[in-house]
>>> print(open('entry.cif').read())   # mmCIF, C-alpha atoms
data_entry
loop_
_atom_site.label_atom_id
_atom_site.label_comp_id
_atom_site.auth_asym_id
_atom_site.auth_seq_id
_atom_site.Cartn_x
_atom_site.Cartn_y
_atom_site.Cartn_z
CA MET A 1 27.86 4.83 0.79
CA GLU A 2 28.28 4.56 4.56
CA THR A 3 25.77 2.54 6.52
CA TYR A 4 25.02 3.20 10.18
CA GLU A 5 23.03 1.29 12.73
CA TYR A 6 22.28 4.68 14.25
CA ALA A 7 22.42 7.99 12.42
CA VAL A 8 22.01 11.22 14.37
CA ILE A 9 21.24 14.61 12.85
CA GLY A 10 22.38 17.18 15.41
CA ASN A 11 25.24 17.52 17.85
CA SER A 12 23.94 19.21 20.98
CA ALA A 13 22.30 18.09 24.25
CA ALA A 14 19.71 15.71 22.76
CA ALA A 15 22.10 14.15 20.24
CA ILE A 16 24.99 13.54 22.63
CA ASN A 17 22.82 12.16 25.44
CA ALA A 18 21.22 9.81 22.92
CA VAL A 19 24.68 8.55 21.90
CA ASP A 20 25.59 8.01 25.54
CA ALA A 21 22.42 5.98 26.10
CA ILE A 22 22.95 3.92 22.95
CA ARG A 23 26.51 3.06 23.90
CA GLU A 24 25.44 1.90 27.36
CA ARG A 25 23.36 -0.77 25.59
CA ASP A 26 25.14 -1.34 22.31
CA ARG A 27 28.94 -1.17 22.41
CA GLU A 28 29.57 -1.95 18.76
CA GLY A 29 26.64 -0.70 16.63
CA SER A 30 27.93 1.92 14.17
CA ILE A 31 26.94 5.52 14.89
CA GLY A 32 27.22 8.57 12.65
CA ILE A 33 26.60 12.15 13.76
CA PHE A 34 25.87 14.78 11.11
CA CYS A 35 26.24 18.38 12.23
CA GLU A 36 26.00 21.61 10.24
CA GLU A 37 28.38 23.44 12.59
CA LYS A 38 32.14 22.90 12.59
CA TYR A 39 32.49 22.55 16.36
CA ARG A 40 32.42 19.47 18.51
CA CYS A 41 29.60 19.41 21.06
CA TYR A 42 29.42 22.66 23.01
CA SER A 43 26.95 24.24 25.40
CA ARG A 44 24.83 26.85 23.64
CA PRO A 45 23.54 28.39 26.90
CA LEU A 46 27.13 29.42 27.69
CA ILE A 47 27.69 31.72 24.70
CA SER A 48 26.76 34.81 26.75
CA TYR A 49 29.37 33.83 29.36
CA LEU A 50 31.95 33.40 26.60
CA VAL A 51 31.24 36.90 25.27
CA SER A 52 31.27 38.31 28.82
CA GLY A 53 34.68 36.78 29.46
CA LEU A 54 33.45 34.61 32.33
CA ILE A 55 34.60 31.43 30.59
CA GLY A 56 37.13 30.63 27.90
CA THR A 57 36.94 28.47 24.82
CA LYS A 58 37.67 25.26 26.72
CA GLY A 59 34.76 25.93 29.05
CA MET A 60 32.30 25.79 26.16
CA TYR A 61 32.66 22.05 25.54
CA PHE A 62 30.60 19.56 27.53
CA ARG A 63 32.45 16.45 26.39
CA PRO A 64 36.22 15.86 26.09
CA ALA A 65 38.08 16.26 22.80
CA LYS A 66 38.34 12.50 22.24
CA TYR A 67 34.67 11.85 22.99
CA TYR A 68 33.73 10.76 19.46
CA GLN A 69 36.74 8.50 19.20
CA LYS A 70 36.05 6.92 22.58
CA MET A 71 32.37 6.36 21.70
CA LYS A 72 33.25 4.97 18.25
CA VAL A 73 31.27 7.68 16.49
CA ASP A 74 31.87 8.99 12.97
CA PHE A 75 31.58 12.75 13.46
CA HIS A 76 30.63 14.54 10.24
CA ALA A 77 31.22 18.18 11.18
CA ALA A 78 30.02 21.00 8.91
CA GLU A 79 27.85 18.56 6.93
CA ARG A 80 24.30 19.87 6.85
CA VAL A 81 21.68 17.25 6.09
CA VAL A 82 19.28 18.51 3.43
CA SER A 83 16.99 15.52 2.99
CA VAL A 84 15.88 12.27 4.60
CA SER A 85 14.25 9.35 2.81
CA PRO A 86 12.30 7.08 5.18
CA SER A 87 11.53 4.57 2.42
CA GLN A 88 15.16 4.13 1.34
CA LYS A 89 16.50 4.80 4.85
CA THR A 90 19.03 7.30 3.59
CA LEU A 91 20.07 10.86 4.31
CA THR A 92 21.77 13.33 1.99
CA THR A 93 23.99 16.25 2.94
CA ALA A 94 24.49 19.60 1.22
CA GLY A 95 27.83 18.24 -0.03
CA LYS A 96 26.03 15.32 -1.74
CA ARG A 97 27.25 12.76 0.79
CA LYS A 98 24.73 9.93 1.24
CA ALA A 99 24.45 7.55 4.14
CA LYS A 100 22.13 4.67 4.97
CA TRP A 101 20.75 4.11 8.45
CA ARG A 102 18.81 1.49 10.35
CA ARG A 103 17.49 3.94 12.94
CA LEU A 104 17.61 7.70 12.76
CA LEU A 105 17.45 10.44 15.40
CA LEU A 106 16.34 13.95 14.49
CA ALA A 107 17.87 16.36 17.00
CA THR A 108 17.57 19.40 14.76
CA GLY A 109 16.99 22.02 17.46
CA PHE A 110 15.56 25.47 16.82
CA THR A 111 16.15 28.40 14.52
CA PRO A 112 15.79 32.11 15.33
CA PHE A 113 12.49 33.68 14.36
CA ILE A 114 13.04 36.83 12.29
CA PRO A 115 9.89 38.98 12.15
CA PRO A 116 8.92 40.93 9.01
CA ILE A 117 10.14 44.44 9.89
CA GLU A 118 10.28 47.05 7.15
CA GLY A 119 13.88 47.70 6.13
CA LEU A 120 15.29 44.61 7.85
CA GLU A 121 16.54 43.13 4.59
CA GLU A 122 18.88 46.13 4.14
CA ALA A 123 19.97 46.30 7.79
CA ARG A 124 22.75 44.03 9.01
CA TYR A 125 21.97 42.11 12.17
CA ILE A 126 23.17 39.16 14.18
CA THR A 127 21.30 36.55 16.19
CA PHE A 128 22.54 35.09 19.47
CA VAL A 129 22.04 31.33 19.46
CA SER A 130 25.38 29.86 18.34
CA TRP A 131 29.13 29.99 18.87
CA ASP A 132 29.53 31.78 15.55
CA ASP A 133 27.06 34.42 16.77
CA ALA A 134 29.19 34.88 19.89
CA LYS A 135 32.33 35.30 17.76
CA ARG A 136 30.61 37.92 15.61
CA MET A 137 29.51 39.80 18.73
CA LEU A 138 33.05 39.75 20.11
CA THR A 139 34.38 41.17 16.85
CA LEU A 140 31.73 43.86 16.56
CA THR A 141 32.23 45.04 20.15
CA ALA A 142 36.02 45.31 19.91
CA LYS A 143 35.53 49.08 20.03
CA LYS A 144 32.94 51.30 21.73
CA THR A 145 29.53 50.30 20.42
CA SER A 146 25.88 51.31 20.71
CA ALA A 147 23.84 48.11 20.55
CA LEU A 148 20.12 47.56 20.10
CA VAL A 149 18.52 44.26 21.08
CA ILE A 150 15.05 43.58 19.67
CA GLY A 151 13.31 41.13 21.98
CA ALA A 152 13.48 40.75 25.76
CA GLY A 153 13.12 37.01 26.14
CA LEU A 154 15.86 34.87 27.65
CA ILE A 155 18.08 35.07 24.56
CA GLY A 156 17.64 38.83 24.20
CA MET A 157 18.29 39.59 27.86
CA LYS A 158 21.41 37.40 27.99
CA ALA A 159 22.62 39.10 24.81
CA ALA A 160 22.06 42.48 26.47
CA GLU A 161 24.00 41.40 29.55
CA ALA A 162 26.87 40.12 27.41
CA LEU A 163 26.96 43.35 25.39
CA HIS A 164 27.04 45.37 28.62
CA ALA A 165 30.00 43.29 29.81
CA ARG A 166 31.79 44.22 26.57
CA GLY A 167 31.35 47.90 27.36
CA ALA A 168 28.57 48.58 24.87
CA GLU A 169 25.76 51.08 25.38
CA VAL A 170 22.72 48.82 25.27
CA ALA A 171 19.03 49.38 24.57
CA VAL A 172 16.44 46.59 24.63
CA VAL A 173 13.07 46.93 22.91
CA GLU A 174 10.22 44.51 23.72
CA LYS A 175 6.79 44.71 22.10
CA LEU A 176 5.08 43.11 25.11
CA ASP A 177 4.68 44.98 28.37
CA ARG A 178 7.62 43.50 30.28
CA VAL A 179 10.92 41.67 29.98
CA LEU A 180 10.99 37.86 30.07
CA PRO A 181 7.21 37.75 29.61
CA LEU A 182 6.97 33.97 29.15
CA ALA A 183 9.40 32.90 31.87
CA LEU A 184 8.42 35.34 34.65
CA ASP A 185 5.43 37.13 36.08
CA GLU A 186 5.00 40.91 36.24
CA ARG A 187 6.68 41.36 39.61
CA ALA A 188 9.74 39.25 38.86
CA SER A 189 10.07 40.86 35.44
CA GLY A 190 10.08 44.22 37.17
CA LEU A 191 12.91 43.12 39.47
CA VAL A 192 15.03 42.01 36.50
CA ALA A 193 14.28 45.22 34.57
CA GLU A 194 15.24 47.27 37.62
CA ARG A 195 18.62 45.49 37.88
CA CYS A 196 19.25 46.09 34.18
CA ARG A 197 18.36 49.78 34.39
CA GLU A 198 20.64 50.15 37.42
CA ALA A 199 23.40 48.84 35.14
CA SER A 200 22.49 51.57 32.60
CA ILE A 201 20.77 49.25 30.12
CA ASP A 202 17.84 51.09 28.52
CA ILE A 203 14.74 48.88 28.76
CA ILE A 204 11.82 49.88 26.52
CA THR A 205 8.65 47.75 26.77
CA GLY A 206 5.22 47.94 25.22
CA LEU A 207 6.57 49.18 21.89
CA GLY A 208 7.55 47.31 18.77
CA VAL A 209 9.94 48.35 16.00
CA SER A 210 7.98 49.62 13.00
CA ARG A 211 10.92 50.02 10.60
CA LEU A 212 14.69 49.96 10.28
CA ALA A 213 16.98 52.14 8.20
CA SER A 214 20.56 51.20 7.35
CA ARG A 215 23.28 53.82 7.80
CA GLY A 216 26.04 51.74 6.23
CA GLY A 217 27.88 48.69 7.56
CA ASN A 218 26.29 47.43 10.77
CA ARG A 219 25.02 50.89 11.67
CA GLY A 220 21.36 51.85 11.45
CA THR A 221 18.34 53.49 12.97
CA ALA A 222 15.26 51.82 14.46
CA VAL A 223 11.96 53.66 14.46
CA LEU A 224 9.58 52.52 17.20
CA GLU A 225 5.81 52.45 16.96
CA ASP A 226 5.53 55.79 18.75
CA GLY A 227 8.03 57.45 16.41
CA THR A 228 11.03 57.27 18.75
CA GLU A 229 14.30 56.80 16.86
CA ILE A 230 17.21 54.74 18.21
CA ASP A 231 20.58 54.77 16.45
CA PHE A 232 22.75 51.68 16.72
CA ASP A 233 26.13 50.34 15.64
CA LEU A 234 25.07 46.74 16.23
CA LEU A 235 21.64 45.15 15.94
CA VAL A 236 20.72 41.87 17.65
CA MET A 237 17.49 40.11 16.64
CA ALA A 238 16.19 38.03 19.56
CA VAL A 239 12.43 37.98 19.06
CA GLY A 240 12.09 34.23 19.57
CA VAL A 241 12.84 30.81 18.15
CA ARG A 242 10.99 28.23 16.09
CA PRO A 243 11.45 24.42 16.07
CA ARG A 244 13.37 23.16 13.04
CA THR A 245 10.89 20.76 11.53
CA GLU A 246 11.66 21.19 7.84
CA LEU A 247 13.56 17.88 7.46
CA ALA A 248 10.87 15.95 9.33
CA ALA A 249 8.03 17.57 7.40
CA ALA A 250 9.70 16.96 4.03
CA ALA A 251 10.16 13.31 5.04
CA GLY A 252 6.40 13.04 5.64
CA LEU A 253 6.55 12.84 9.43
CA SER A 254 3.77 14.29 11.58
CA CYS A 255 4.69 17.87 12.54
CA GLU A 256 2.07 20.15 14.08
CA GLY A 257 3.91 22.93 15.88
CA GLY A 258 6.86 20.58 16.41
CA ILE A 259 7.97 17.06 15.51
CA GLU A 260 5.37 14.76 17.06
CA VAL A 261 6.62 11.75 19.02
CA ASP A 262 5.13 8.97 21.14
CA GLU A 263 6.11 8.06 24.70
CA HIS A 264 9.30 6.40 23.38
CA GLN A 265 10.40 9.50 21.41
CA ARG A 266 9.46 7.68 18.19
CA THR A 267 8.01 9.74 15.33
CA SER A 268 5.21 8.66 13.00
CA ASN A 269 7.84 6.44 11.33
CA ARG A 270 8.80 3.60 13.65
CA ASP A 271 12.52 3.76 12.76
CA ILE A 272 12.88 7.53 13.14
CA TYR A 273 13.14 9.13 16.58
CA ALA A 274 13.28 12.77 17.58
CA ALA A 275 14.41 14.68 20.67
CA GLY A 276 15.18 18.20 21.78
CA ASP A 277 14.08 21.70 20.91
CA ALA A 278 12.20 20.73 17.75
CA VAL A 279 10.01 18.13 19.46
CA LYS A 280 6.54 18.08 20.98
CA ALA A 281 6.82 15.68 23.92
CA MET A 282 4.83 15.18 27.11
CA ASP A 283 4.72 18.13 29.51
CA VAL A 284 3.74 16.76 32.93
CA VAL A 285 2.24 20.06 34.07
CA LEU A 286 0.17 20.77 30.98
CA GLY A 287 -0.77 17.12 30.64
CA LYS A 288 -0.20 17.18 26.89
CA PRO A 289 2.68 17.31 24.41
CA SER A 290 4.48 20.63 24.20
CA VAL A 291 7.70 22.10 22.82
CA ASN A 292 10.07 22.95 25.68
CA ALA A 293 13.22 24.42 24.12
CA LEU A 294 15.38 23.97 27.20
CA TRP A 295 18.78 22.29 27.61
CA PRO A 296 17.86 19.83 30.43
CA VAL A 297 14.66 18.83 28.63
CA ALA A 298 16.59 18.16 25.43
CA ALA A 299 19.15 16.12 27.34
CA LEU A 300 16.47 13.97 28.98
CA GLN A 301 14.57 13.42 25.73
CA GLY A 302 17.81 12.47 24.02
CA LYS A 303 18.58 9.95 26.73
CA TYR A 304 15.23 8.18 26.30
CA ALA A 305 15.42 8.34 22.53
CA GLY A 306 18.80 6.60 22.68
CA ILE A 307 17.55 4.01 25.15
CA ASN A 308 14.70 3.06 22.85
CA MET A 309 16.69 3.28 19.63
CA ALA A 310 18.98 0.63 21.13
CA GLY A 311 16.08 -1.77 21.59
CA ASP A 312 14.46 -1.02 24.95
CA GLU A 313 10.87 0.14 25.37
CA ILE A 314 11.10 2.60 28.26
CA PRO A 315 8.72 5.59 28.18
CA TYR A 316 9.95 9.14 28.53
CA PRO A 317 8.67 10.35 31.93
CA GLY A 318 7.84 13.84 30.69
CA CYS A 319 9.21 17.16 31.80
CA ASN A 320 8.11 20.75 32.28
CA SER A 321 9.34 24.19 31.39
CA MET A 322 12.02 25.46 33.75
CA ASN A 323 14.31 28.48 33.53
CA ALA A 324 17.26 29.24 35.80
CA VAL A 325 19.15 32.44 35.00
CA GLU A 326 20.94 35.32 36.70
CA PHE A 327 20.98 38.98 35.75
CA PHE A 328 23.49 41.32 37.39
CA GLY A 329 23.63 39.28 40.56
CA LEU A 330 19.89 38.54 40.75
CA PRO A 331 19.25 34.78 40.39
CA VAL A 332 15.81 33.84 39.06
CA LEU A 333 14.27 30.38 38.75
CA SER A 334 10.85 29.51 37.37
CA ALA A 335 9.14 26.21 36.57
CA GLY A 336 5.79 25.02 35.30
CA ILE A 337 2.90 27.47 35.02
CA VAL A 338 4.06 30.90 36.18
CA ASN A 339 1.23 32.96 34.69
CA PRO A 340 -2.03 30.99 35.19
CA PRO A 341 -4.13 31.06 32.00
CA GLY A 342 -7.52 31.33 33.74
CA GLU A 343 -9.59 30.32 36.74
CA GLY A 344 -9.04 27.19 38.80
CA TYR A 345 -5.62 28.13 40.15
CA GLN A 346 -4.52 29.32 43.58
CA VAL A 347 -1.62 31.77 43.62
CA VAL A 348 0.49 32.36 46.73
CA THR A 349 3.25 34.98 46.83
CA ARG A 350 5.73 36.26 49.36
CA GLN A 351 8.30 39.04 49.21
CA ASP A 352 10.82 39.92 51.90
CA GLU A 353 14.49 40.82 52.28
CA SER A 354 15.53 37.46 50.79
CA GLY A 355 13.61 38.04 47.58
CA TYR A 356 10.34 37.20 45.85
CA ARG A 357 8.66 33.79 45.83
CA LYS A 358 5.51 32.53 44.13
CA ALA A 359 3.63 29.23 44.04
CA VAL A 360 0.83 28.29 41.66
CA LEU A 361 -1.46 25.45 42.75
CA GLN A 362 -4.22 23.54 41.05
CA GLY A 363 -6.17 21.86 43.80
CA ASP A 364 -3.63 20.06 45.97
CA VAL A 365 -0.95 19.93 43.28
CA LEU A 366 1.87 22.43 42.78
CA VAL A 367 1.92 23.29 39.06
CA GLY A 368 4.20 26.31 39.00
CA MET A 369 6.76 28.27 41.00
CA LEU A 370 8.98 31.30 40.73
CA VAL A 371 11.84 32.45 42.95
CA ALA A 372 13.87 35.64 42.53
CA GLY A 373 16.67 36.22 45.01
CA ARG A 374 17.63 33.34 47.29
CA ILE A 375 16.96 30.18 45.28
CA GLU A 376 18.75 27.57 47.41
CA ARG A 377 15.65 25.49 48.13
CA ALA A 378 13.84 26.09 44.86
CA GLY A 379 14.91 22.68 43.57
CA ILE A 380 12.59 21.01 46.08
CA LEU A 381 9.65 22.91 44.62
CA THR A 382 10.59 21.99 41.06
CA SER A 383 10.76 18.31 42.01
CA LEU A 384 7.29 18.53 43.58
CA ILE A 385 6.00 19.97 40.30
CA GLN A 386 7.64 17.18 38.30
CA GLU A 387 6.27 14.47 40.61
CA ARG A 388 2.80 16.04 40.81
CA ALA A 389 2.82 15.19 44.50
CA ASN A 390 -0.18 15.88 46.73
CA ILE A 391 0.87 18.82 48.89
CA ARG A 392 -2.38 19.51 50.74
CA ARG A 393 -0.70 19.29 54.15
CA VAL A 394 2.19 21.61 53.31
CA LYS A 395 0.47 24.34 51.31
CA ASN A 396 1.01 26.88 54.05
CA SER A 397 4.72 26.10 54.29
CA LEU A 398 5.68 26.03 50.62
CA LEU A 399 7.15 29.51 50.53
CA ASP A 400 8.78 29.44 53.96
CA GLU A 401 12.49 30.11 53.70
CA GLY A 402 13.21 26.92 55.65
CA PHE A 403 10.89 24.67 53.60
CA GLY A 404 12.54 21.29 53.02
CA HIS A 405 12.07 17.53 52.82
CA ILE A 406 10.86 17.37 56.42
CA HIS A 407 7.73 19.27 55.40
CA MET A 408 6.86 16.87 52.58
CA PRO A 409 4.17 14.20 52.71
CA ARG A 410 5.41 10.95 54.24
CA ALA A 411 5.00 8.99 50.99
CA VAL A 412 7.13 11.51 49.12
CA ARG A 413 9.81 11.48 51.85
CA LYS A 414 9.84 7.68 51.81
CA GLY A 415 10.25 7.63 48.03
CA ARG A 416 13.09 10.13 48.19
CA ILE A 417 14.89 8.06 50.83
CA GLU A 418 14.44 4.86 48.79
CA ASP A 419 15.74 6.60 45.65
CA ALA A 420 18.74 7.92 47.55
CA MET A 421 19.54 4.48 48.99
CA ALA A 422 19.22 2.90 45.56
CA GLY A 423 21.62 5.47 44.14
CA LEU A 424 24.06 4.83 47.00
CA ASN A 425 23.94 1.06 46.40
CA VAL A 426 24.58 1.54 42.68
CA ALA A 427 27.54 3.78 43.42
CA GLN A 428 28.98 1.33 45.95
CA ASN A 429 28.57 -1.60 43.56
CA GLY A 430 30.28 0.41 40.85
CA VAL A 431 33.23 1.05 43.14
CA ARG A 432 33.47 -2.66 44.02
CA ARG A 433 33.53 -3.54 40.32
CA GLY A 434 36.25 -0.99 39.69
CA GLY A 435 33.82 1.47 38.09
#
>>> encode(input="entry.cif", output="structure tokens")
Amino acid sequence: METYEYAVIGNSAAAINAVDAIRERDREGSIGIFCEEKYRCYSRPLISYLVSGLIGTKGMYFRPAKYYQKMKVDFHAAERVVSVSPSQKTLTTAGKRKAKWRRLLLATGFTPFIPPIEGLEEARYITFVSWDDAKRMLTLTAKKTSALVIGAGLIGMKAAEALHARGAEVAVVEKLDRVLPLALDERASGLVAERCREASIDIITGLGVSRLASRGGNRGTAVLEDGTEIDFDLLVMAVGVRPRTELAAAAGLSCEGGIEVDEHQRTSNRDIYAAGDAVKAMDVVLGKPSVNALWPVAALQGKYAGINMAGDEIPYPGCNSMNAVEFFGLPVLSAGIVNPPGEGYQVVTRQDESGYRKAVLQGDVLVGMLVAGRIERAGILTSLIQERANIRRVKNSLLDEGFGHIHMPRAVRKGRIEDAMAGLNVAQNGVRRGG
């Protein structure tokens, strides 16, 4: 039985950034990665670009081919972990392989949510969250295809865009009243829907699918709640995702809507850590733990999990929900609270030839923003949200096209300059040491 100082279940953003952080502090401690997929670490957000032909296979990977060898990692590809024993400090794979660990990271990610639709068990469908899903879509769109996407969240809309690029006739059905209902507000959703309709994608909102009927193979018919029938050659289910907590829950770890962790990414067992899409960690805008199934959030959580697994005690600074996407040439970026849940918020909007901009404030703190169109300076707004800076003096300038660091409070500008100088010194020292 293999024994690892650090065992990692998962092989995506959280897992790999944890390994990087561990190796910066521990050059020799043994590391084992257990992954249910057969691929080395690749970027899941890029699968729509792979299907669209915008990138090739090599562009999917975010670490070089010899990464595991260089980092002295045993990479157990296509070995799904089926159980974890905290008391014995072991894990067991579907192939009956057992391994012992001193510290364990759960980076189990999410799984697609498949709603209970009548007839779905007879209808063939694909999801759109993995490389294998992308390969299936490429195969199924090799000839002229009519595709139906159920769900108009980020995954569904990127699937629709990829299908369109493959020459498919595409219809999208969303039970809620607009596309991207969680990431955008009504106006920005309308702008995205308009771009999609201009590209001949049929967008149907405010109606759910009541039942499905198979017509053989991948072909079928969807019946909407108002009786409308839509025939399809390919069905994509993209209603949403759920955190994969089954391993953690079976191991007796605290899981209430996600794997619960402390400020060091440690679970209710002191030797088991968790990071990524399955985890409830601090959201700086909400002021409480939340699941943020986003690539940069997973990467940051993984980094701090690795830091602390290697012996440090450095708290995760928290993050917030942020989405940056583009649909048919329309870039859209949102962060924090986009749709205020009640009173106590001030909402400022502006729309002109450069696009649509929105800021959500709570007192003198920026808690949310949305930009559709020109997004060049949107990063400044997202950093203000993350830092929870007092912006009382610049409220009236936030949405100006020329808003920049010069408009920020002096203390914030000073901190930015100090951070920049510190980064410059580190870089220069690295060069002097040959790094």
>>> resolve_selection(input="entry.cif", expression="the PyMOL selection byres ((chain A and resi 151-153) around 10)", output="ChimeraX atom specification")
/A:148-150,154-160,172-176,178-184,193,203-205,208-209,236-240
>>> resolve_selection(input="entry.cif", expression="the PyMOL selection byres ((chain A and resi 283) around 12)", output="JSON, numbers by chain")
{"A": [263, 279, 280, 281, 282, 284, 285, 286, 287, 288, 289, 290, 291, 292, 293, 297, 301, 316, 317, 318, 319, 320, 321, 322, 335, 336, 337, 367, 385, 386, 387, 388]}
>>> atom_distance(input="entry.cif", atom1="atom CA of A:Asn390", atom2="atom CA of A:Leu366")
7.9 Å
>>> residues_around(input="entry.cif", residues="stretch 102-117 of chain A", least_positions_apart="3", cutoff="6 Å", atoms="only C-alpha atoms", output="list of chain:residue names")
A:Glu5, A:Tyr6, A:Ala7, A:Val8, A:Ile9, A:Gly10, A:Ala15, A:Leu120, A:Arg211, A:Gly240, A:Val241, A:Arg242, A:Pro243, A:Arg244, A:Asp271, A:Ile272, A:Tyr273, A:Ala274, A:Ala275, A:Gly276, A:Asp277, A:Ala278
>>> closest_residue(input="entry.cif", among="A:Arg270, A:Leu330, A:Ile380, A:Val73", to="A:Cys196", atoms="only C-alpha atoms")
A:Leu330
>>> closest_residue(input="entry.cif", among="A:Arg266, A:His76, A:Lys143, A:Phe232", to="A:Gly302", atoms="all atoms listed in the file")
A:Arg266
>>> resolve_selection(input="entry.cif", expression="the PyMOL selection byres ((chain A and resi 377) around 12)", output="PyMOL selection string")
chain A and resi 333+357+369-376+378-384+398-405
>>> closest_residue(input="entry.cif", among="A:Gln265, A:Ser210, A:Thr141, A:Ser12", to="A:Asp312", atoms="all atoms listed in the file")
A:Gln265
>>> atom_distance(input="entry.cif", atom1="atom CA of A:Asn11", atom2="atom CA of A:Arg40")
7.5 Å
>>> atom_distance(input="entry.cif", atom1="atom CA of A:Ala78", atom2="atom CA of A:Ala99")
15.3 Å
>>> residues_around(input="entry.cif", residues="A:Ala310", least_positions_apart="5", cutoff="7 Å", atoms="only C-alpha atoms", output="ChimeraX atom specification")
/A:22,25-26
>>> residues_around(input="entry.cif", residues="A:Tyr42", least_positions_apart="2", cutoff="8 Å", atoms="all atoms listed in the file", output="mmCIF file with C-alpha atoms, in the coordinates of the input")
data_model
loop_
_atom_site.group_PDB
_atom_site.id
_atom_site.type_symbol
_atom_site.label_atom_id
_atom_site.label_comp_id
_atom_site.auth_asym_id
_atom_site.auth_seq_id
_atom_site.Cartn_x
_atom_site.Cartn_y
_atom_site.Cartn_z
ATOM 1 C CA SER A 12 23.940 19.210 20.980
ATOM 2 C CA TYR A 39 32.490 22.550 16.360
ATOM 3 C CA ARG A 40 32.420 19.470 18.510
ATOM 4 C CA ARG A 44 24.830 26.850 23.640
ATOM 5 C CA MET A 60 32.300 25.790 26.160
ATOM 6 C CA TYR A 61 32.660 22.050 25.540
ATOM 7 C CA PHE A 62 30.600 19.560 27.530
ATOM 8 C CA ARG A 63 32.450 16.450 26.390
#
>>> closest_residue(input="entry.cif", among="A:Gly355, A:Gly306, A:Gly227, A:Pro315", to="A:Val19", atoms="all atoms listed in the file")
A:Gly306
>>> closest_residue(input="entry.cif", among="A:Ala165, A:Val360, A:Ala389, A:Ala134", to="A:Gly53", atoms="all atoms listed in the file")
A:Ala165
>>> closest_residue(input="entry.cif", among="A:Tyr49, A:Phe128, A:Phe327, A:Phe34", to="A:Ala77", atoms="all atoms listed in the file")
A:Phe34
>>> residues_around(input="entry.cif", residues="A:Ala199", least_positions_apart="3", cutoff="10 Å", atoms="all atoms listed in the file", output="ChimeraX atom specification")
/A:161,164,170,193-196,202,328
>>> residues_around(input="entry.cif", residues="A:Gly252", least_positions_apart="3", cutoff="12 Å", atoms="all atoms listed in the file", output="MDAnalysis selection string")
chainID A and resid 83:87 245:249 255:256 259:260 267:269 272
>>> decode(input="entry.cif", residues="stretch 274-311 of chain A", atoms="C-alpha atoms", output="PDB file, in the first residue's frame")
ATOM      1  CA  ALA A 274     -10.888  20.933   0.912  1.00  0.00           C
ATOM      2  CA  ALA A 275     -10.839  23.494  -1.899  1.00  0.00           C
ATOM      3  CA  GLY A 276     -12.689  24.356  -5.067  1.00  0.00           C
ATOM      4  CA  ASP A 277     -16.191  23.992  -6.438  1.00  0.00           C
ATOM      5  CA  ALA A 278     -17.421  21.640  -3.706  1.00  0.00           C
ATOM      6  CA  VAL A 279     -16.443  23.931  -0.837  1.00  0.00           C
ATOM      7  CA  LYS A 280     -18.204  26.547   1.274  1.00  0.00           C
ATOM      8  CA  ALA A 281     -15.528  29.157   1.983  1.00  0.00           C
ATOM      9  CA  MET A 282     -15.617  32.821   2.961  1.00  0.00           C
ATOM     10  CA  ASP A 283     -17.286  35.176   0.490  1.00  0.00           C
ATOM     11  CA  VAL A 284     -16.052  38.696   1.285  1.00  0.00           C
ATOM     12  CA  VAL A 285     -19.151  40.358  -0.158  1.00  0.00           C
ATOM     13  CA  LEU A 286     -21.728  38.175   1.556  1.00  0.00           C
ATOM     14  CA  GLY A 287     -19.691  38.093   4.755  1.00  0.00           C
ATOM     15  CA  LYS A 288     -20.302  34.369   5.203  1.00  0.00           C
ATOM     16  CA  PRO A 289     -19.202  31.063   3.687  1.00  0.00           C
ATOM     17  CA  SER A 290     -20.596  30.328   0.244  1.00  0.00           C
ATOM     18  CA  VAL A 291     -20.004  27.965  -2.676  1.00  0.00           C
ATOM     19  CA  ASN A 292     -18.451  29.868  -5.590  1.00  0.00           C
ATOM     20  CA  ALA A 293     -17.960  27.366  -8.416  1.00  0.00           C
ATOM     21  CA  LEU A 294     -15.517  29.511 -10.366  1.00  0.00           C
ATOM     22  CA  TRP A 295     -12.054  28.703 -11.726  1.00  0.00           C
ATOM     23  CA  PRO A 296     -10.115  31.604 -10.100  1.00  0.00           C
ATOM     24  CA  VAL A 297     -11.814  30.988  -6.754  1.00  0.00           C
ATOM     25  CA  ALA A 298     -10.894  27.301  -6.895  1.00  0.00           C
ATOM     26  CA  ALA A 299      -7.309  28.174  -7.781  1.00  0.00           C
ATOM     27  CA  LEU A 300      -6.992  30.577  -4.853  1.00  0.00           C
ATOM     28  CA  GLN A 301      -8.568  28.168  -2.370  1.00  0.00           C
ATOM     29  CA  GLY A 302      -6.260  25.427  -3.600  1.00  0.00           C
ATOM     30  CA  LYS A 303      -3.244  27.662  -3.094  1.00  0.00           C
ATOM     31  CA  TYR A 304      -4.131  28.356   0.549  1.00  0.00           C
ATOM     32  CA  ALA A 305      -5.054  24.747   1.205  1.00  0.00           C
ATOM     33  CA  GLY A 306      -1.611  23.695  -0.036  1.00  0.00           C
ATOM     34  CA  ILE A 307       0.130  26.390   1.990  1.00  0.00           C
ATOM     35  CA  ASN A 308      -1.508  25.173   5.174  1.00  0.00           C
ATOM     36  CA  MET A 309      -1.215  21.468   4.395  1.00  0.00           C
ATOM     37  CA  ALA A 310       2.548  22.041   4.206  1.00  0.00           C
ATOM     38  CA  GLY A 311       2.619  23.403   7.743  1.00  0.00           C
TER      39      GLY A 311
END
